[in-house]
Amino acid sequence: MGRLYYVVGLLLSRFGVHPNYFTVVGLLLALFAPVAAYFGFGLVAIVLMSLSALFDVLDGLVARVSGLVSRVGAFLDSFSDRVSDASYILVLGLLGVDFRLCYMLLALSFLVSYARARGEGLGLVLKGVGLVERQERVLALIVISIVALYNLWLATIMVVGLVILTFITVAQRVMVIVNSLKSS
């Protein structure tokens, strides 16, 4: 799969499109997803979420392959990831999932990201630490949103499961950070 990603990134970079373009387009798609859900276009919201997630993958691919990795790009990517996470979770609430559950999921998702950012700011490596990193959560949000269109009860149960897994991920990251800092 790594080779496929490299080839896709190489092809896109040859078109000369800057990776930040993919970041901004992905962010805009994410912002329009809850608007679509609000106006009753749930399927459109899910398509927008999916496209946004795809653009989020593409920005990193193009940046690495083209050698255009930058601190500005890294900041924009992280920033747009947080905004996109909030937008995706808002879609769930607009599709009928209890907003209290959505809030818990949002808070925990932000804590997962914050723990990684803070830990890495202290010199630790946290990529791969935890049950559900962002990619898994985004995929789960898209799947749960699809389920919510047809079975709100099942979607709610799935959100509860994702909340639990995300809580475990926060705990895992906090434990790794604390243990690493104690031993250094």
# chains A, B, ... in the order shown; residues from 1 in each chain; ligands from 1
>>> residues_around(residues="Tyr6 (chain A)", least_positions_apart="3", cutoff="9 Å", atoms="only C-alpha atoms", output="ChimeraX atom specification")
/A:1-3,9-11,61-62,64-65
>>> select_by_dssp(residues="region 3-183 of chain A", states="alpha helix (DSSP H)", output="JSON, numbers by chain")
{"A": [3, 4, 5, 6, 7, 8, 9, 10, 11, 12, 13, 14, 19, 20, 21, 22, 23, 24, 25, 26, 27, 28, 29, 30, 31, 32, 33, 34, 35, 36, 37, 38, 42, 43, 44, 45, 46, 47, 48, 49, 50, 51, 52, 53, 54, 55, 56, 57, 58, 59, 60, 61, 62, 63, 64, 65, 66, 71, 72, 73, 74, 75, 76, 77, 78, 79, 80, 81, 82, 83, 84, 85, 86, 87, 88, 89, 90, 91, 92, 93, 94, 99, 100, 101, 102, 103, 104, 105, 106, 107, 108, 109, 110, 111, 112, 113, 114, 115, 116, 117, 118, 119, 120, 121, 134, 135, 136, 137, 138, 139, 140, 141, 142, 143, 144, 145, 146, 147, 148, 149, 150, 152, 153, 154, 155, 156, 157, 158, 159, 160, 161, 162, 163, 164, 165, 166, 167, 168, 169, 170, 171, 172, 173, 174, 175, 176, 177, 178, 179, 180, 181, 182, 183]}
>>> write_last_selection(atoms="C-alpha atoms", output="short mmCIF file (atom, residue, chain, number, x, y, z; two decimals), in the first residue's frame")
data_model
loop_
_atom_site.label_atom_id
_atom_site.label_comp_id
_atom_site.auth_asym_id
_atom_site.auth_seq_id
_atom_site.Cartn_x
_atom_site.Cartn_y
_atom_site.Cartn_z
CA ARG A 3 4.04 2.12 -2.91
CA LEU A 4 0.53 2.99 -4.13
CA TYR A 5 0.47 6.09 -1.90
CA TYR A 6 3.87 7.11 -3.22
CA VAL A 7 2.77 6.75 -6.85
CA VAL A 8 -0.43 8.74 -6.23
CA GLY A 9 1.53 11.46 -4.44
CA LEU A 10 4.08 11.54 -7.25
CA LEU A 11 1.40 11.87 -9.93
CA LEU A 12 -0.35 14.69 -8.09
CA SER A 13 2.90 16.52 -7.39
CA ARG A 14 3.73 16.46 -11.11
CA PRO A 19 0.06 20.49 -0.86
CA ASN A 20 -1.55 23.37 1.07
CA TYR A 21 -4.15 23.51 -1.72
CA PHE A 22 -5.29 20.01 -0.72
CA THR A 23 -5.37 21.08 2.94
CA VAL A 24 -7.54 24.14 2.24
CA VAL A 25 -9.91 22.27 -0.09
CA GLY A 26 -10.26 19.47 2.48
CA LEU A 27 -11.03 22.04 5.16
CA LEU A 28 -13.67 23.75 3.03
CA LEU A 29 -15.32 20.42 2.22
CA ALA A 30 -15.38 19.60 5.94
CA LEU A 31 -16.99 22.95 6.75
CA PHE A 32 -19.74 22.42 4.18
CA ALA A 33 -20.58 18.93 5.49
CA PRO A 34 -22.54 20.11 8.56
CA VAL A 35 -24.27 22.76 6.43
CA ALA A 36 -25.52 20.00 4.13
CA ALA A 37 -26.60 17.91 7.13
CA TYR A 38 -28.39 20.90 8.67
CA GLY A 42 -27.30 13.73 5.01
CA LEU A 43 -25.90 11.76 2.11
CA VAL A 44 -24.31 14.90 0.64
CA ALA A 45 -22.77 15.62 4.07
CA ILE A 46 -21.23 12.14 4.12
CA VAL A 47 -19.85 12.55 0.61
CA LEU A 48 -18.34 15.89 1.64
CA MET A 49 -16.82 14.28 4.75
CA SER A 50 -15.35 11.48 2.65
CA LEU A 51 -13.88 13.87 0.09
CA SER A 52 -12.49 16.03 2.89
CA ALA A 53 -10.80 12.99 4.43
CA LEU A 54 -9.35 12.07 1.04
CA PHE A 55 -7.91 15.56 0.58
CA ASP A 56 -6.43 15.31 4.07
CA VAL A 57 -4.52 12.21 2.98
CA LEU A 58 -3.47 13.79 -0.30
CA ASP A 59 -1.91 16.89 1.26
CA GLY A 60 0.60 14.84 3.20
CA LEU A 61 1.36 12.57 0.25
CA VAL A 62 2.04 15.46 -2.10
CA ALA A 63 4.10 17.31 0.52
CA ARG A 64 6.38 14.34 1.15
CA VAL A 65 6.80 13.29 -2.47
CA SER A 66 7.36 16.81 -3.80
CA ARG A 71 6.27 24.17 9.14
CA VAL A 72 3.47 26.30 7.69
CA GLY A 73 2.00 23.23 5.99
CA ALA A 74 2.30 21.20 9.19
CA PHE A 75 0.48 23.90 11.13
CA LEU A 76 -2.26 24.28 8.50
CA ASP A 77 -2.71 20.49 8.40
CA SER A 78 -3.04 20.18 12.18
CA PHE A 79 -5.34 23.19 12.39
CA SER A 80 -7.59 21.94 9.59
CA ASP A 81 -7.66 18.46 11.17
CA ARG A 82 -9.15 19.91 14.38
CA VAL A 83 -11.72 21.97 12.48
CA SER A 84 -12.58 18.96 10.31
CA ASP A 85 -12.97 16.72 13.37
CA ALA A 86 -15.42 19.21 14.86
CA SER A 87 -17.33 19.43 11.56
CA TYR A 88 -17.57 15.65 11.18
CA ILE A 89 -18.82 15.22 14.73
CA LEU A 90 -21.32 18.05 14.24
CA VAL A 91 -22.67 16.11 11.25
CA LEU A 92 -23.40 13.20 13.61
CA GLY A 93 -25.34 15.50 15.91
CA LEU A 94 -27.28 16.97 13.02
CA PHE A 99 -25.33 16.05 21.20
CA ARG A 100 -24.01 15.09 24.65
CA LEU A 101 -22.34 12.05 23.11
CA CYS A 102 -21.07 14.18 20.26
CA TYR A 103 -19.59 16.64 22.74
CA MET A 104 -17.84 13.84 24.66
CA LEU A 105 -16.42 12.50 21.42
CA LEU A 106 -15.27 15.94 20.33
CA ALA A 107 -13.59 16.68 23.67
CA LEU A 108 -11.85 13.31 23.72
CA SER A 109 -10.76 13.64 20.08
CA PHE A 110 -9.19 16.99 20.88
CA LEU A 111 -7.49 15.48 23.95
CA VAL A 112 -5.97 12.71 21.81
CA SER A 113 -4.51 15.34 19.51
CA TYR A 114 -3.45 17.61 22.35
CA ALA A 115 -1.66 14.80 24.17
CA ARG A 116 0.29 13.97 21.02
CA ALA A 117 1.15 17.60 20.30
CA ARG A 118 2.21 18.30 23.88
CA GLY A 119 4.15 15.05 24.17
CA GLU A 120 5.95 15.66 20.89
CA GLY A 121 6.64 19.22 22.05
CA ARG A 134 -7.21 10.22 13.82
CA GLN A 135 -7.41 8.15 10.64
CA GLU A 136 -9.37 5.41 12.40
CA ARG A 137 -11.67 7.95 14.07
CA VAL A 138 -12.40 9.70 10.77
CA LEU A 139 -13.19 6.42 9.07
CA ALA A 140 -15.41 5.46 12.00
CA LEU A 141 -17.21 8.82 11.83
CA ILE A 142 -17.95 8.34 8.14
CA VAL A 143 -19.25 4.79 8.71
CA ILE A 144 -21.32 5.87 11.72
CA SER A 145 -22.79 8.75 9.72
CA ILE A 146 -23.88 6.32 7.01
CA VAL A 147 -25.45 4.08 9.62
CA ALA A 148 -27.18 7.11 11.21
CA LEU A 149 -29.08 7.70 7.97
CA TYR A 150 -30.73 4.30 8.32
CA LEU A 152 -30.08 6.02 14.57
CA TRP A 153 -30.15 3.60 17.49
CA LEU A 154 -27.28 1.54 16.05
CA ALA A 155 -25.35 4.70 15.16
CA THR A 156 -25.71 5.89 18.76
CA ILE A 157 -24.36 2.59 20.07
CA MET A 158 -21.45 2.91 17.65
CA VAL A 159 -20.72 6.45 18.90
CA VAL A 160 -20.71 5.15 22.49
CA GLY A 161 -18.14 2.55 21.39
CA LEU A 162 -16.04 5.20 19.68
CA VAL A 163 -16.21 7.41 22.78
CA ILE A 164 -14.92 4.51 24.89
CA LEU A 165 -12.12 3.69 22.44
CA THR A 166 -11.14 7.36 22.20
CA PHE A 167 -11.07 7.63 26.01
CA ILE A 168 -8.77 4.59 26.12
CA THR A 169 -6.55 6.25 23.51
CA VAL A 170 -6.28 9.41 25.64
CA ALA A 171 -5.40 7.29 28.68
CA GLN A 172 -2.78 5.33 26.70
CA ARG A 173 -1.12 8.49 25.47
CA VAL A 174 -1.13 10.12 28.90
CA MET A 175 0.41 6.99 30.44
CA VAL A 176 3.13 6.80 27.77
CA ILE A 177 3.95 10.48 28.20
CA VAL A 178 4.06 10.35 32.00
CA ASN A 179 6.12 7.15 32.06
CA SER A 180 8.53 8.48 29.43
CA LEU A 181 9.00 11.76 31.27
CA LYS A 182 9.53 9.99 34.61
CA SER A 183 12.25 7.76 33.16
#
>>> atom_distance(atom1="CA of Ser184 (chain A)", atom2="CA of Leu126 (chain A)")
15.6 Å
>>> atom_distance(atom1="CA of Gly96 (chain A)", atom2="CA of Gly40 (chain A)")
11.0 Å
>>> atom_distance(atom1="CA of Leu68 (chain A)", atom2="CA of Gly128 (chain A)")
23.7 Å
